[in-house]
Amino acid sequence: MLLSRICVFLLCFINCSFSKISWPHSTSDFSLEGDYLLGGLFALHEIDQVTSIFTPETTECFRHSTSASGYQMLQVMRFAVEEINNSTTLLPNISLGYDIFDHCSNTKNFLSILSFVSKNGSIKPKEKLNNYQPKVIALTGPYGSTRTITIAPLITMGLIPLVNYGASSYALSNKIQYPSFIRTVPSNKDMIEMIIHIIRWFGWNWVAFLGSQDSYSSDGLKLFNKYISNTGICLAYQEGLSLNANYSQTLKKIDMLNINVIVVFAVPQYAVNIIKTAIAENIRDKVWIASETWAMNQQLPREPGIGKIGTVIGITERLLSLPGFDQFIYKDRRTINGYSTESNVQSKNKTCNQVCDYCPLLTAEEIINENPSFSFAIYAAIYTIAHALHNVLQCDMNECHKNPKAKPYMLMGEMKKLDFPLNGRQVKYDENYDPTISYAVVHWHTDVNPPQFEMVGTYDTYPETTFTIDNSLLPWLNNDSVPFSNCSVECKPGYSRKPEGFHSCCFTCKKCPRNSYVDYSRDPYTCFPCLESEWSDEGSTACKTRIVVYLEFAEISSIIVMLSATCLIILLIAILCLFAYNFNTPVVKSAGGSMCLLMLMCLIMSSISVFFFFGKPTFVFCLLRNAIFAFFFTICISCLTVRSFQIICVFKMAAQFPKLHSLWVKHNGQWLFIAFSSFIHFISCVIWMTVSPDKPIADSWTFKDQIMLMCEMGNAITFTIVVFISWFLGLLCLIFSYMGRDLPKNYNEAKSITFSLILYYLSWIVYFTAYLSVKSKYIMLLNAMAQISSINGILFSYFITKSYIILFQPQKNTAAYFQTSIQNYTQTISRT
């Protein structure tokens, strides 16, 4: 590749040599003598259509379309050089000269480059840099990234500073490939970031990107695709257009896709074709974002019908006036008018592409009113070279040291250190020799004559990064509201996006279910589940913290139940003491004697379990609250069952089955039965607590806004076995009590036992019914109350009545009274 380029360079050089063209240095627009020469490359002509050339010849720019904007750029360079030469502080005793060429082609304008890098008409690539002194100390230009990338390797290989005013390709920031490239305009990267800032500012995400088939646009497209990856912006359509492309078809495709924001990142001739085609095809109400290359184009805003295509927003370097430039142009025009034949002289004497026949015909107003986008960039480029040269020559306020003579490579080290004010802006460069950013957002006012460019926003990186747009200054065509350019309408709060199609910007909206939420800053496509300790309704954007509830000690209901249990325990202890004190009396013996004391102790232990229902549930509390009651209350019921059976045996079965009765009495059958039933129940309780014990759980599914701390019942089968044993013993007790309903009054306990067991069954039926149908922390309170109710049933129906006789009817607590009752029962039986 490099070899082919060198061949082209040499062929071009030979072609001009055979044409016997010389490079005079007479004072003109193109050249000026000086101690140090600066090179300048400006496109005074533009090639509208590229044609294949199969002969080794240079492109003669004057044969193509003229560009008044390029001539204005040339004049800015001349103005800057004259201003520096007139300065008494910057390069005080040094004069700058220049040699300028018309650079209209990407690949066929190497003659000027060969001239710049030559030394006395020859090129010596093997000569050491510290010895080599090319024709120019530095140069500026050309306009356009593709043109710059084509010529940059030839210039930078000799470390000649190429201070560019119009090449923004990000590839040129690579200092390994382009070590002496410097620019005074921001790179494509900065421009693309600015465009994305604008798109996001207005909330658009459905955009098209149109460019040209050159490095400027291709780099911009790559960067655009890269930087929108995490912004929510979708590139709905992209195309790199050639000059003879079907612009009409492209714009129709964009219109069919309902894209209302179009980024035109292209050099002026392509942008002009796009806008003119949009007018011709009646494309309406779009937003056109113009890159800096055509943001301040002077001709397009004057096109008839341009107001109908929509709103044009341009991005350009912050426009700064150049004091004295207008006067310089007026003076120059007067000079040219005084020598009207100069153009003919120039045409005959000037070398390749230093001819501009139309330039003398331009008026001062036409030059001044041309696109000023790159004026300051050119001005800053010349001043950058001058300041670097000033430092290399060790200049002070009065003079510069001319010896030793400065070499181009010496300027590079100084340029990176530069930091100087220029017309109100600070000129400085980063490690890639890129400048600080100072963009302006301009709006095209095409409804006035002449059209105006109004600054509506700014973007600066020095001294700090700031970006702002004044929305009130943008008169949108669509009812004065921001145009809509989104693939899908934004979802309502609480709705997540469901992708639809290839682009992430195209979606349908789905309402987030209960206990989930959507966080648009995190991921708008996902309904995130709430934590276990949180909750949310359908369509939520955040979760709320659940209230943790459990039966607390300090609640009024809890205090009442615990007081009841305390009183119950005190009463049971009192009765236990009473029965122990009167252990040998007939009432205590008829109630069961020592078995009666066992029943009272079991009821006391059962009452203690009530206190484990309150407070934050723990594994120990859950284990004890039901296990203690179930085991000890079952022993109590087994005692009642045996007691009922014994009475039946004494009065009814002893005479009919004397042997069985004697065996029962001899082997203490009542205690064997109690021990056996208690052991079976104990084993079932151990299995229940081992296989699947009661354990604390956090119920977060019953109530959406609460976490209810409670104890899980455990395995249903083992729990059923435990309950069944207790209830079965109670059923036997009822049967035996019923059988003894006609026994002597002192021994007839059918009513009291039946009442206590019915209360026991009813209490637990109510509890289990509520447990299965209602979920509340007060279910645990109902459980405790069921236990107290069961204990109270036995206490008041069985023990209180006997305690009353012991305390208040001592006459009935005698052996004679009980003997009389038995005799009356015997007489009654004998009569029947």
# chains A, B, ... in the order shown; residues from 1 in each chain; ligands from 1
>>> residues_around(residues="Ala152 in chain A", least_positions_apart="3", cutoff="9 Å", atoms="only C-alpha atoms", output="ChimeraX atom specification")
/A:147-149,155-157,162,172,178,180-181
>>> atom_distance(atom1="CA of Thr566 in chain A", atom2="CA of Ala630 in chain A")
19.0 Å
>>> select_by_dssp(residues="range 40-118 of chain A", states="strand (DSSP E)", output="list in words")
Gly40, Leu41, Phe42, His45, Glu46, Ser65, Thr66, Leu96, Gly97, Tyr98, Asp99, Ile100, Phe101 and Asp102 of chain A
>>> write_last_selection(atoms="N, CA, C and O atoms", output="short mmCIF file (atom, residue, chain, number, x, y, z; two decimals), in the first residue's frame")
data_model
loop_
_atom_site.label_atom_id
_atom_site.label_comp_id
_atom_site.auth_asym_id
_atom_site.auth_seq_id
_atom_site.Cartn_x
_atom_site.Cartn_y
_atom_site.Cartn_z
N GLY A 40 -0.44 25.71 3.64
CA GLY A 40 -1.90 25.79 3.79
C GLY A 40 -2.59 25.01 2.70
O GLY A 40 -2.22 25.11 1.52
N LEU A 41 -3.58 24.22 3.09
CA LEU A 41 -4.35 23.43 2.13
C LEU A 41 -5.83 23.75 2.34
O LEU A 41 -6.39 23.47 3.40
N PHE A 42 -6.47 24.33 1.29
CA PHE A 42 -7.87 24.71 1.37
C PHE A 42 -8.58 24.28 0.08
O PHE A 42 -8.00 24.36 -1.00
N HIS A 45 -12.09 24.57 -4.63
CA HIS A 45 -13.00 23.93 -5.58
C HIS A 45 -13.42 22.58 -5.00
O HIS A 45 -12.70 22.00 -4.21
N GLU A 46 -14.58 22.12 -5.41
CA GLU A 46 -15.09 20.84 -4.92
C GLU A 46 -15.38 19.94 -6.12
O GLU A 46 -15.93 20.40 -7.13
N SER A 65 -16.18 22.53 -9.56
CA SER A 65 -17.09 23.53 -8.97
C SER A 65 -16.35 24.39 -7.95
O SER A 65 -15.50 23.90 -7.19
N THR A 66 -16.71 25.65 -7.90
CA THR A 66 -16.06 26.59 -6.99
C THR A 66 -16.63 26.48 -5.57
O THR A 66 -17.75 26.02 -5.37
N LEU A 96 6.54 35.47 9.39
CA LEU A 96 5.98 34.23 8.87
C LEU A 96 5.56 34.42 7.43
O LEU A 96 4.98 35.46 7.08
N GLY A 97 5.81 33.44 6.62
CA GLY A 97 5.30 33.43 5.25
C GLY A 97 4.41 32.21 5.07
O GLY A 97 4.20 31.41 5.99
N TYR A 98 3.87 32.06 3.89
CA TYR A 98 3.02 30.90 3.64
C TYR A 98 3.07 30.51 2.17
O TYR A 98 3.41 31.31 1.29
N ASP A 99 2.73 29.27 1.98
CA ASP A 99 2.55 28.73 0.63
C ASP A 99 1.27 27.92 0.68
O ASP A 99 1.17 26.92 1.40
N ILE A 100 0.25 28.36 -0.08
CA ILE A 100 -1.09 27.76 0.01
C ILE A 100 -1.43 27.09 -1.31
O ILE A 100 -1.12 27.59 -2.38
N PHE A 101 -2.10 25.93 -1.18
CA PHE A 101 -2.55 25.21 -2.36
C PHE A 101 -4.04 24.92 -2.25
O PHE A 101 -4.60 24.75 -1.17
N ASP A 102 -4.65 24.87 -3.42
CA ASP A 102 -6.05 24.45 -3.55
C ASP A 102 -6.07 22.92 -3.49
O ASP A 102 -5.51 22.26 -4.35
#
>>> select_by_dssp(residues="range 386-536 of chain A", states="alpha helix (DSSP H)", output="list in words")
Ala386, His387, Ala388, Leu389, His390, Asn391, Val392, Pro408, Tyr409, Met410, Leu411, Met412, Gly413, Glu414 and Met415 of chain A
>>> write_last_selection(atoms="N, CA, C and O atoms", output="PDB file, in the first residue's frame")
ATOM      1  N   ALA A 386       2.522  29.539  15.726  1.00  0.00           N
ATOM      2  CA  ALA A 386       3.308  30.721  16.082  1.00  0.00           C
ATOM      3  C   ALA A 386       3.780  30.657  17.540  1.00  0.00           C
ATOM      4  O   ALA A 386       4.936  30.968  17.846  1.00  0.00           O
ATOM      5  N   HIS A 387       2.907  30.227  18.441  1.00  0.00           N
ATOM      6  CA  HIS A 387       3.287  30.135  19.853  1.00  0.00           C
ATOM      7  C   HIS A 387       4.342  29.051  20.063  1.00  0.00           C
ATOM      8  O   HIS A 387       5.269  29.237  20.869  1.00  0.00           O
ATOM      9  N   ALA A 388       4.201  27.915  19.368  1.00  0.00           N
ATOM     10  CA  ALA A 388       5.204  26.864  19.493  1.00  0.00           C
ATOM     11  C   ALA A 388       6.552  27.341  18.966  1.00  0.00           C
ATOM     12  O   ALA A 388       7.607  27.090  19.579  1.00  0.00           O
ATOM     13  N   LEU A 389       6.532  28.041  17.827  1.00  0.00           N
ATOM     14  CA  LEU A 389       7.771  28.576  17.263  1.00  0.00           C
ATOM     15  C   LEU A 389       8.367  29.631  18.193  1.00  0.00           C
ATOM     16  O   LEU A 389       9.597  29.709  18.349  1.00  0.00           O
ATOM     17  N   HIS A 390       7.518  30.422  18.798  1.00  0.00           N
ATOM     18  CA  HIS A 390       7.953  31.428  19.762  1.00  0.00           C
ATOM     19  C   HIS A 390       8.743  30.773  20.903  1.00  0.00           C
ATOM     20  O   HIS A 390       9.795  31.286  21.312  1.00  0.00           O
ATOM     21  N   ASN A 391       8.261  29.622  21.385  1.00  0.00           N
ATOM     22  CA  ASN A 391       8.938  28.918  22.485  1.00  0.00           C
ATOM     23  C   ASN A 391      10.220  28.249  22.020  1.00  0.00           C
ATOM     24  O   ASN A 391      11.220  28.229  22.744  1.00  0.00           O
ATOM     25  N   VAL A 392      10.194  27.692  20.807  1.00  0.00           N
ATOM     26  CA  VAL A 392      11.389  27.020  20.285  1.00  0.00           C
ATOM     27  C   VAL A 392      12.520  28.024  20.094  1.00  0.00           C
ATOM     28  O   VAL A 392      13.687  27.744  20.393  1.00  0.00           O
ATOM     29  N   PRO A 408      11.112  21.456  12.168  1.00  0.00           N
ATOM     30  CA  PRO A 408       9.686  21.156  12.411  1.00  0.00           C
ATOM     31  C   PRO A 408       9.443  20.290  13.635  1.00  0.00           C
ATOM     32  O   PRO A 408       8.510  20.546  14.407  1.00  0.00           O
ATOM     33  N   TYR A 409      10.273  19.256  13.850  1.00  0.00           N
ATOM     34  CA  TYR A 409      10.023  18.330  14.960  1.00  0.00           C
ATOM     35  C   TYR A 409      10.137  19.024  16.312  1.00  0.00           C
ATOM     36  O   TYR A 409       9.561  18.570  17.307  1.00  0.00           O
ATOM     37  N   MET A 410      10.888  20.137  16.358  1.00  0.00           N
ATOM     38  CA  MET A 410      11.041  20.854  17.618  1.00  0.00           C
ATOM     39  C   MET A 410       9.725  21.476  18.090  1.00  0.00           C
ATOM     40  O   MET A 410       9.505  21.649  19.287  1.00  0.00           O
ATOM     41  N   LEU A 411       8.869  21.783  17.144  1.00  0.00           N
ATOM     42  CA  LEU A 411       7.594  22.422  17.499  1.00  0.00           C
ATOM     43  C   LEU A 411       6.659  21.454  18.217  1.00  0.00           C
ATOM     44  O   LEU A 411       5.806  21.866  19.011  1.00  0.00           O
ATOM     45  N   MET A 412       6.786  20.148  17.950  1.00  0.00           N
ATOM     46  CA  MET A 412       5.849  19.167  18.500  1.00  0.00           C
ATOM     47  C   MET A 412       5.872  19.160  20.026  1.00  0.00           C
ATOM     48  O   MET A 412       4.814  19.162  20.684  1.00  0.00           O
ATOM     49  N   GLY A 413       7.091  19.143  20.593  1.00  0.00           N
ATOM     50  CA  GLY A 413       7.182  19.110  22.055  1.00  0.00           C
ATOM     51  C   GLY A 413       6.583  20.326  22.707  1.00  0.00           C
ATOM     52  O   GLY A 413       6.015  20.245  23.808  1.00  0.00           O
ATOM     53  N   GLU A 414       6.684  21.470  22.037  1.00  0.00           N
ATOM     54  CA  GLU A 414       6.149  22.704  22.608  1.00  0.00           C
ATOM     55  C   GLU A 414       4.635  22.797  22.484  1.00  0.00           C
ATOM     56  O   GLU A 414       3.969  23.383  23.338  1.00  0.00           O
ATOM     57  N   MET A 415       4.083  22.218  21.412  1.00  0.00           N
ATOM     58  CA  MET A 415       2.635  22.345  21.184  1.00  0.00           C
ATOM     59  C   MET A 415       1.813  21.666  22.277  1.00  0.00           C
ATOM     60  O   MET A 415       0.738  22.126  22.645  1.00  0.00           O
TER      61      MET A 415
END
>>> closest_atom_pairs(of="range 280-387 of chain A", to="range 450-463 of chain A", cutoff="12 Å", atoms="only C-alpha atoms", output="CSV")
residue,atom,partner,partner_atom,distance
A:Ala295,CA,A:Phe453,CA,9.1
A:Met296,CA,A:Phe453,CA,7.4
A:Asn297,CA,A:Phe453,CA,9.8
A:Gln298,CA,A:Pro451,CA,8.6
A:Gln299,CA,A:Pro451,CA,9.6
A:Leu300,CA,A:Pro451,CA,9.6
A:Pro301,CA,A:Pro451,CA,6.1
A:Arg302,CA,A:Pro451,CA,6.7
A:Glu303,CA,A:Pro451,CA,10.1
A:Pro304,CA,A:Pro451,CA,11.6
A:Ile306,CA,A:Pro451,CA,10.9
A:Gly307,CA,A:Pro451,CA,10.5
A:Val312,CA,A:Phe453,CA,10.0
A:Ile313,CA,A:Val456,CA,9.1
A:Gly314,CA,A:Phe453,CA,8.8
A:Ile315,CA,A:Thr458,CA,9.2
A:Thr316,CA,A:Thr458,CA,9.7
A:Glu317,CA,A:Tyr459,CA,9.5
A:Arg318,CA,A:Thr458,CA,7.9
A:Leu319,CA,A:Met455,CA,9.3
A:Asn369,CA,A:Pro450,CA,11.2
A:Asn371,CA,A:Phe453,CA,10.8
A:Pro372,CA,A:Phe453,CA,11.3
A:Ser373,CA,A:Phe453,CA,11.5
>>> write_last_selection(atoms="C-alpha atoms", output="PDB file, in the first residue's frame")
ATOM      1  CA  ALA A 295     -24.310  23.159  10.524  1.00  0.00           C
ATOM      2  CA  MET A 296     -23.609  26.748   9.376  1.00  0.00           C
ATOM      3  CA  ASN A 297     -24.137  26.223   5.640  1.00  0.00           C
ATOM      4  CA  GLN A 298     -25.117  29.555   4.097  1.00  0.00           C
ATOM      5  CA  GLN A 299     -26.958  28.297   1.003  1.00  0.00           C
ATOM      6  CA  LEU A 300     -29.242  25.535   2.328  1.00  0.00           C
ATOM      7  CA  PRO A 301     -31.327  27.749   4.668  1.00  0.00           C
ATOM      8  CA  ARG A 302     -32.238  29.820   1.604  1.00  0.00           C
ATOM      9  CA  GLU A 303     -33.606  26.835  -0.344  1.00  0.00           C
ATOM     10  CA  PRO A 304     -37.325  27.313  -1.170  1.00  0.00           C
ATOM     11  CA  ILE A 306     -36.864  24.110   3.496  1.00  0.00           C
ATOM     12  CA  GLY A 307     -39.165  25.251   6.288  1.00  0.00           C
ATOM     13  CA  VAL A 312     -32.735  21.750  11.654  1.00  0.00           C
ATOM     14  CA  ILE A 313     -30.470  21.648  14.693  1.00  0.00           C
ATOM     15  CA  GLY A 314     -26.785  22.163  14.002  1.00  0.00           C
ATOM     16  CA  ILE A 315     -23.685  21.507  16.065  1.00  0.00           C
ATOM     17  CA  THR A 316     -20.765  23.781  15.524  1.00  0.00           C
ATOM     18  CA  GLU A 317     -17.752  25.103  17.291  1.00  0.00           C
ATOM     19  CA  ARG A 318     -18.705  28.023  19.518  1.00  0.00           C
ATOM     20  CA  LEU A 319     -18.668  30.921  17.118  1.00  0.00           C
ATOM     21  CA  ASN A 369     -20.983  36.105   5.134  1.00  0.00           C
ATOM     22  CA  ASN A 371     -19.919  29.745   6.724  1.00  0.00           C
ATOM     23  CA  PRO A 372     -17.827  30.813   9.748  1.00  0.00           C
ATOM     24  CA  SER A 373     -17.765  27.350  11.381  1.00  0.00           C
TER      25      SER A 373
END
>>> residues_around(residues="Ser790 in chain A", least_positions_apart="3", cutoff="9 Å", atoms="only C-alpha atoms", output="list in words")
Phe633, Ser756, Leu757, Leu759, Tyr760, Tyr761, Ser763, Trp764, Met785, Ala786, Gln787, Gly793, Ile794 and Leu795 of chain A
>>> residues_around(residues="range 723-735 of chain A", least_positions_apart="3", cutoff="8 Å", atoms="only C-alpha atoms", output="PDB file with N, CA, C and O atoms, in the first residue's frame")
ATOM      1  N   ALA A 630     -50.370 -30.862  75.417  1.00  0.00           N
ATOM      2  CA  ALA A 630     -50.894 -32.110  74.856  1.00  0.00           C
ATOM      3  C   ALA A 630     -50.538 -33.310  75.737  1.00  0.00           C
ATOM      4  O   ALA A 630     -51.378 -34.195  75.992  1.00  0.00           O
ATOM      5  N   THR A 634     -53.375 -34.887  78.431  1.00  0.00           N
ATOM      6  CA  THR A 634     -53.781 -36.247  78.086  1.00  0.00           C
ATOM      7  C   THR A 634     -53.664 -37.171  79.303  1.00  0.00           C
ATOM      8  O   THR A 634     -54.511 -38.066  79.519  1.00  0.00           O
ATOM      9  N   ILE A 637     -56.705 -36.535  81.354  1.00  0.00           N
ATOM     10  CA  ILE A 637     -57.894 -37.182  80.795  1.00  0.00           C
ATOM     11  C   ILE A 637     -57.852 -38.689  81.034  1.00  0.00           C
ATOM     12  O   ILE A 637     -58.876 -39.325  81.322  1.00  0.00           O
ATOM     13  N   SER A 638     -56.654 -39.268  80.902  1.00  0.00           N
ATOM     14  CA  SER A 638     -56.536 -40.705  81.173  1.00  0.00           C
ATOM     15  C   SER A 638     -56.889 -41.015  82.632  1.00  0.00           C
ATOM     16  O   SER A 638     -57.495 -42.059  82.938  1.00  0.00           O
ATOM     17  N   LEU A 640     -59.072 -39.260  84.427  1.00  0.00           N
ATOM     18  CA  LEU A 640     -60.526 -39.164  84.487  1.00  0.00           C
ATOM     19  C   LEU A 640     -61.178 -40.411  83.931  1.00  0.00           C
ATOM     20  O   LEU A 640     -62.186 -40.907  84.460  1.00  0.00           O
ATOM     21  N   THR A 641     -60.603 -40.926  82.839  1.00  0.00           N
ATOM     22  CA  THR A 641     -61.148 -42.125  82.212  1.00  0.00           C
ATOM     23  C   THR A 641     -61.071 -43.313  83.176  1.00  0.00           C
ATOM     24  O   THR A 641     -62.047 -44.077  83.352  1.00  0.00           O
ATOM     25  N   VAL A 642     -59.923 -43.491  83.782  1.00  0.00           N
ATOM     26  CA  VAL A 642     -59.741 -44.583  84.743  1.00  0.00           C
ATOM     27  C   VAL A 642     -60.659 -44.400  85.940  1.00  0.00           C
ATOM     28  O   VAL A 642     -61.267 -45.373  86.446  1.00  0.00           O
ATOM     29  N   SER A 644     -63.554 -42.902  86.045  1.00  0.00           N
ATOM     30  CA  SER A 644     -64.921 -43.239  85.649  1.00  0.00           C
ATOM     31  C   SER A 644     -65.085 -44.746  85.541  1.00  0.00           C
ATOM     32  O   SER A 644     -66.105 -45.315  85.969  1.00  0.00           O
ATOM     33  N   PHE A 645     -64.074 -45.397  84.996  1.00  0.00           N
ATOM     34  CA  PHE A 645     -64.140 -46.860  84.844  1.00  0.00           C
ATOM     35  C   PHE A 645     -64.121 -47.548  86.204  1.00  0.00           C
ATOM     36  O   PHE A 645     -64.835 -48.540  86.425  1.00  0.00           O
ATOM     37  N   HIS A 681     -48.832 -42.042  74.433  1.00  0.00           N
ATOM     38  CA  HIS A 681     -48.960 -40.630  74.027  1.00  0.00           C
ATOM     39  C   HIS A 681     -47.604 -39.930  74.033  1.00  0.00           C
ATOM     40  O   HIS A 681     -47.323 -39.082  73.165  1.00  0.00           O
ATOM     41  N   PHE A 719     -49.257 -35.181  64.074  1.00  0.00           N
ATOM     42  CA  PHE A 719     -50.089 -34.311  64.889  1.00  0.00           C
ATOM     43  C   PHE A 719     -51.480 -34.922  65.086  1.00  0.00           C
ATOM     44  O   PHE A 719     -52.051 -34.879  66.189  1.00  0.00           O
ATOM     45  N   THR A 720     -52.030 -35.529  64.054  1.00  0.00           N
ATOM     46  CA  THR A 720     -53.350 -36.164  64.146  1.00  0.00           C
ATOM     47  C   THR A 720     -53.330 -37.324  65.140  1.00  0.00           C
ATOM     48  O   THR A 720     -54.288 -37.531  65.906  1.00  0.00           O
ATOM     49  N   TYR A 738     -71.341 -41.861  81.307  1.00  0.00           N
ATOM     50  CA  TYR A 738     -72.757 -42.084  80.972  1.00  0.00           C
ATOM     51  C   TYR A 738     -73.267 -43.372  81.621  1.00  0.00           C
ATOM     52  O   TYR A 738     -74.397 -43.428  82.120  1.00  0.00           O
ATOM     53  N   MET A 739     -72.423 -44.391  81.625  1.00  0.00           N
ATOM     54  CA  MET A 739     -72.803 -45.671  82.235  1.00  0.00           C
ATOM     55  C   MET A 739     -73.015 -45.525  83.735  1.00  0.00           C
ATOM     56  O   MET A 739     -73.802 -46.280  84.339  1.00  0.00           O
ATOM     57  N   ALA A 750     -70.972 -38.057  86.345  1.00  0.00           N
ATOM     58  CA  ALA A 750     -71.282 -38.058  84.913  1.00  0.00           C
ATOM     59  C   ALA A 750     -71.495 -36.635  84.403  1.00  0.00           C
ATOM     60  O   ALA A 750     -70.984 -36.242  83.342  1.00  0.00           O
ATOM     61  N   ILE A 753     -68.055 -34.571  84.510  1.00  0.00           N
ATOM     62  CA  ILE A 753     -67.105 -35.034  83.494  1.00  0.00           C
ATOM     63  C   ILE A 753     -67.614 -34.736  82.093  1.00  0.00           C
ATOM     64  O   ILE A 753     -66.869 -34.306  81.218  1.00  0.00           O
ATOM     65  N   THR A 754     -68.924 -34.951  81.895  1.00  0.00           N
ATOM     66  CA  THR A 754     -69.505 -34.672  80.567  1.00  0.00           C
ATOM     67  C   THR A 754     -69.363 -33.197  80.230  1.00  0.00           C
ATOM     68  O   THR A 754     -68.975 -32.822  79.103  1.00  0.00           O
ATOM     69  N   LEU A 757     -65.644 -32.349  79.426  1.00  0.00           N
ATOM     70  CA  LEU A 757     -65.171 -32.897  78.142  1.00  0.00           C
ATOM     71  C   LEU A 757     -65.864 -32.219  76.963  1.00  0.00           C
ATOM     72  O   LEU A 757     -65.241 -31.999  75.917  1.00  0.00           O
TER      73      LEU A 757
END
>>> closest_residue(among="A:Asp219, A:Leu37, A:Cys685, A:Cys505", to="Ile385 in chain A", atoms="only C-alpha atoms")
A:Leu37
>>> closest_atom_pairs(of="range 442-525 of chain A", to="range 259-271 of chain A", cutoff="10 Å", atoms="only C-alpha atoms", output="Markdown table")
| residue | atom | partner | partner_atom | distance |
| --- | --- | --- | --- | --- |
| A:Pro483 | CA | A:Asn260 | CA | 7.4 |
| A:Phe484 | CA | A:Asn260 | CA | 7.0 |
| A:Ser485 | CA | A:Asn260 | CA | 5.1 |
| A:Asn486 | CA | A:Ile259 | CA | 7.7 |
| A:Cys487 | CA | A:Ile259 | CA | 8.1 |
>>> residues_around(residues="Asn813 in chain A", least_positions_apart="4", cutoff="12 Å", atoms="only C-alpha atoms", output="list in words")
Asn582, Phe583, Asn584, Thr585, Pro586, Val587, Val588, Lys589, Ser590, Ala591, Asn746, Lys802, Ser803, Tyr804, Ile805, Ile806, Leu807, Phe808, Gln809, Tyr817, Phe818 and Gln819 of chain A
>>> write_last_selection(atoms="N, CA, C and O atoms", output="compact mmCIF listing (two decimals), in the first residue's frame")
# COMPACT_ATOMS: atom_id res chain seq x y z
N ASN A 582 -56.36 -32.47 103.01
CA ASN A 582 -57.54 -33.29 103.32
C ASN A 582 -57.48 -34.62 102.57
O ASN A 582 -58.52 -35.15 102.11
N PHE A 583 -56.28 -35.17 102.44
CA PHE A 583 -56.07 -36.34 101.61
C PHE A 583 -56.88 -37.56 102.10
O PHE A 583 -57.39 -38.34 101.30
N ASN A 584 -57.07 -37.70 103.44
CA ASN A 584 -57.72 -38.89 103.99
C ASN A 584 -59.21 -38.72 104.18
O ASN A 584 -59.87 -39.61 104.74
N THR A 585 -59.76 -37.62 103.71
CA THR A 585 -61.19 -37.40 103.86
C THR A 585 -61.93 -38.14 102.75
O THR A 585 -61.37 -38.41 101.67
N PRO A 586 -63.21 -38.46 102.96
CA PRO A 586 -63.98 -39.22 101.95
C PRO A 586 -64.09 -38.50 100.60
O PRO A 586 -64.06 -39.14 99.56
N VAL A 587 -64.21 -37.19 100.65
CA VAL A 587 -64.37 -36.45 99.38
C VAL A 587 -63.13 -36.62 98.51
O VAL A 587 -63.22 -36.88 97.30
N VAL A 588 -61.96 -36.48 99.10
CA VAL A 588 -60.71 -36.61 98.33
C VAL A 588 -60.54 -38.04 97.85
O VAL A 588 -60.16 -38.29 96.71
N LYS A 589 -60.85 -39.01 98.76
CA LYS A 589 -60.71 -40.41 98.35
C LYS A 589 -61.69 -40.75 97.25
O LYS A 589 -61.36 -41.51 96.31
N SER A 590 -62.94 -40.25 97.35
CA SER A 590 -63.93 -40.54 96.30
C SER A 590 -63.55 -39.88 94.97
O SER A 590 -63.92 -40.35 93.90
N ALA A 591 -62.80 -38.74 95.05
CA ALA A 591 -62.35 -38.05 93.82
C ALA A 591 -61.17 -38.73 93.16
O ALA A 591 -60.81 -38.41 92.02
N ASN A 746 -72.80 -39.07 95.63
CA ASN A 746 -71.41 -38.75 95.98
C ASN A 746 -70.43 -39.33 94.96
O ASN A 746 -69.30 -38.88 94.87
N LYS A 802 -65.90 -30.23 94.65
CA LYS A 802 -65.38 -31.01 95.78
C LYS A 802 -64.69 -30.09 96.78
O LYS A 802 -64.76 -30.30 98.02
N SER A 803 -64.01 -29.07 96.25
CA SER A 803 -63.38 -28.11 97.15
C SER A 803 -64.43 -27.36 97.96
O SER A 803 -64.23 -27.03 99.15
N TYR A 804 -65.56 -27.09 97.33
CA TYR A 804 -66.66 -26.39 98.02
C TYR A 804 -67.18 -27.22 99.19
O TYR A 804 -67.44 -26.71 100.28
N ILE A 805 -67.32 -28.53 98.97
CA ILE A 805 -67.81 -29.42 100.04
C ILE A 805 -66.80 -29.45 101.17
O ILE A 805 -67.16 -29.38 102.37
N ILE A 806 -65.49 -29.53 100.79
CA ILE A 806 -64.47 -29.60 101.83
C ILE A 806 -64.47 -28.32 102.66
O ILE A 806 -64.36 -28.36 103.91
N LEU A 807 -64.64 -27.19 102.03
CA LEU A 807 -64.53 -25.92 102.72
C LEU A 807 -65.84 -25.49 103.38
O LEU A 807 -65.83 -24.94 104.50
N PHE A 808 -66.97 -25.69 102.69
CA PHE A 808 -68.21 -25.08 103.16
C PHE A 808 -69.28 -26.10 103.59
O PHE A 808 -70.29 -25.72 104.17
N GLN A 809 -69.09 -27.35 103.24
CA GLN A 809 -70.05 -28.38 103.67
C GLN A 809 -69.30 -29.56 104.28
O GLN A 809 -69.29 -30.68 103.77
N TYR A 817 -71.89 -40.10 105.91
CA TYR A 817 -72.67 -39.51 104.80
C TYR A 817 -72.51 -40.35 103.53
O TYR A 817 -73.46 -40.62 102.81
N PHE A 818 -71.29 -40.75 103.26
CA PHE A 818 -71.04 -41.54 102.05
C PHE A 818 -71.67 -42.95 102.19
O PHE A 818 -72.18 -43.48 101.21
N GLN A 819 -71.69 -43.54 103.44
CA GLN A 819 -72.29 -44.85 103.65
C GLN A 819 -73.80 -44.79 103.43
O GLN A 819 -74.41 -45.70 102.86
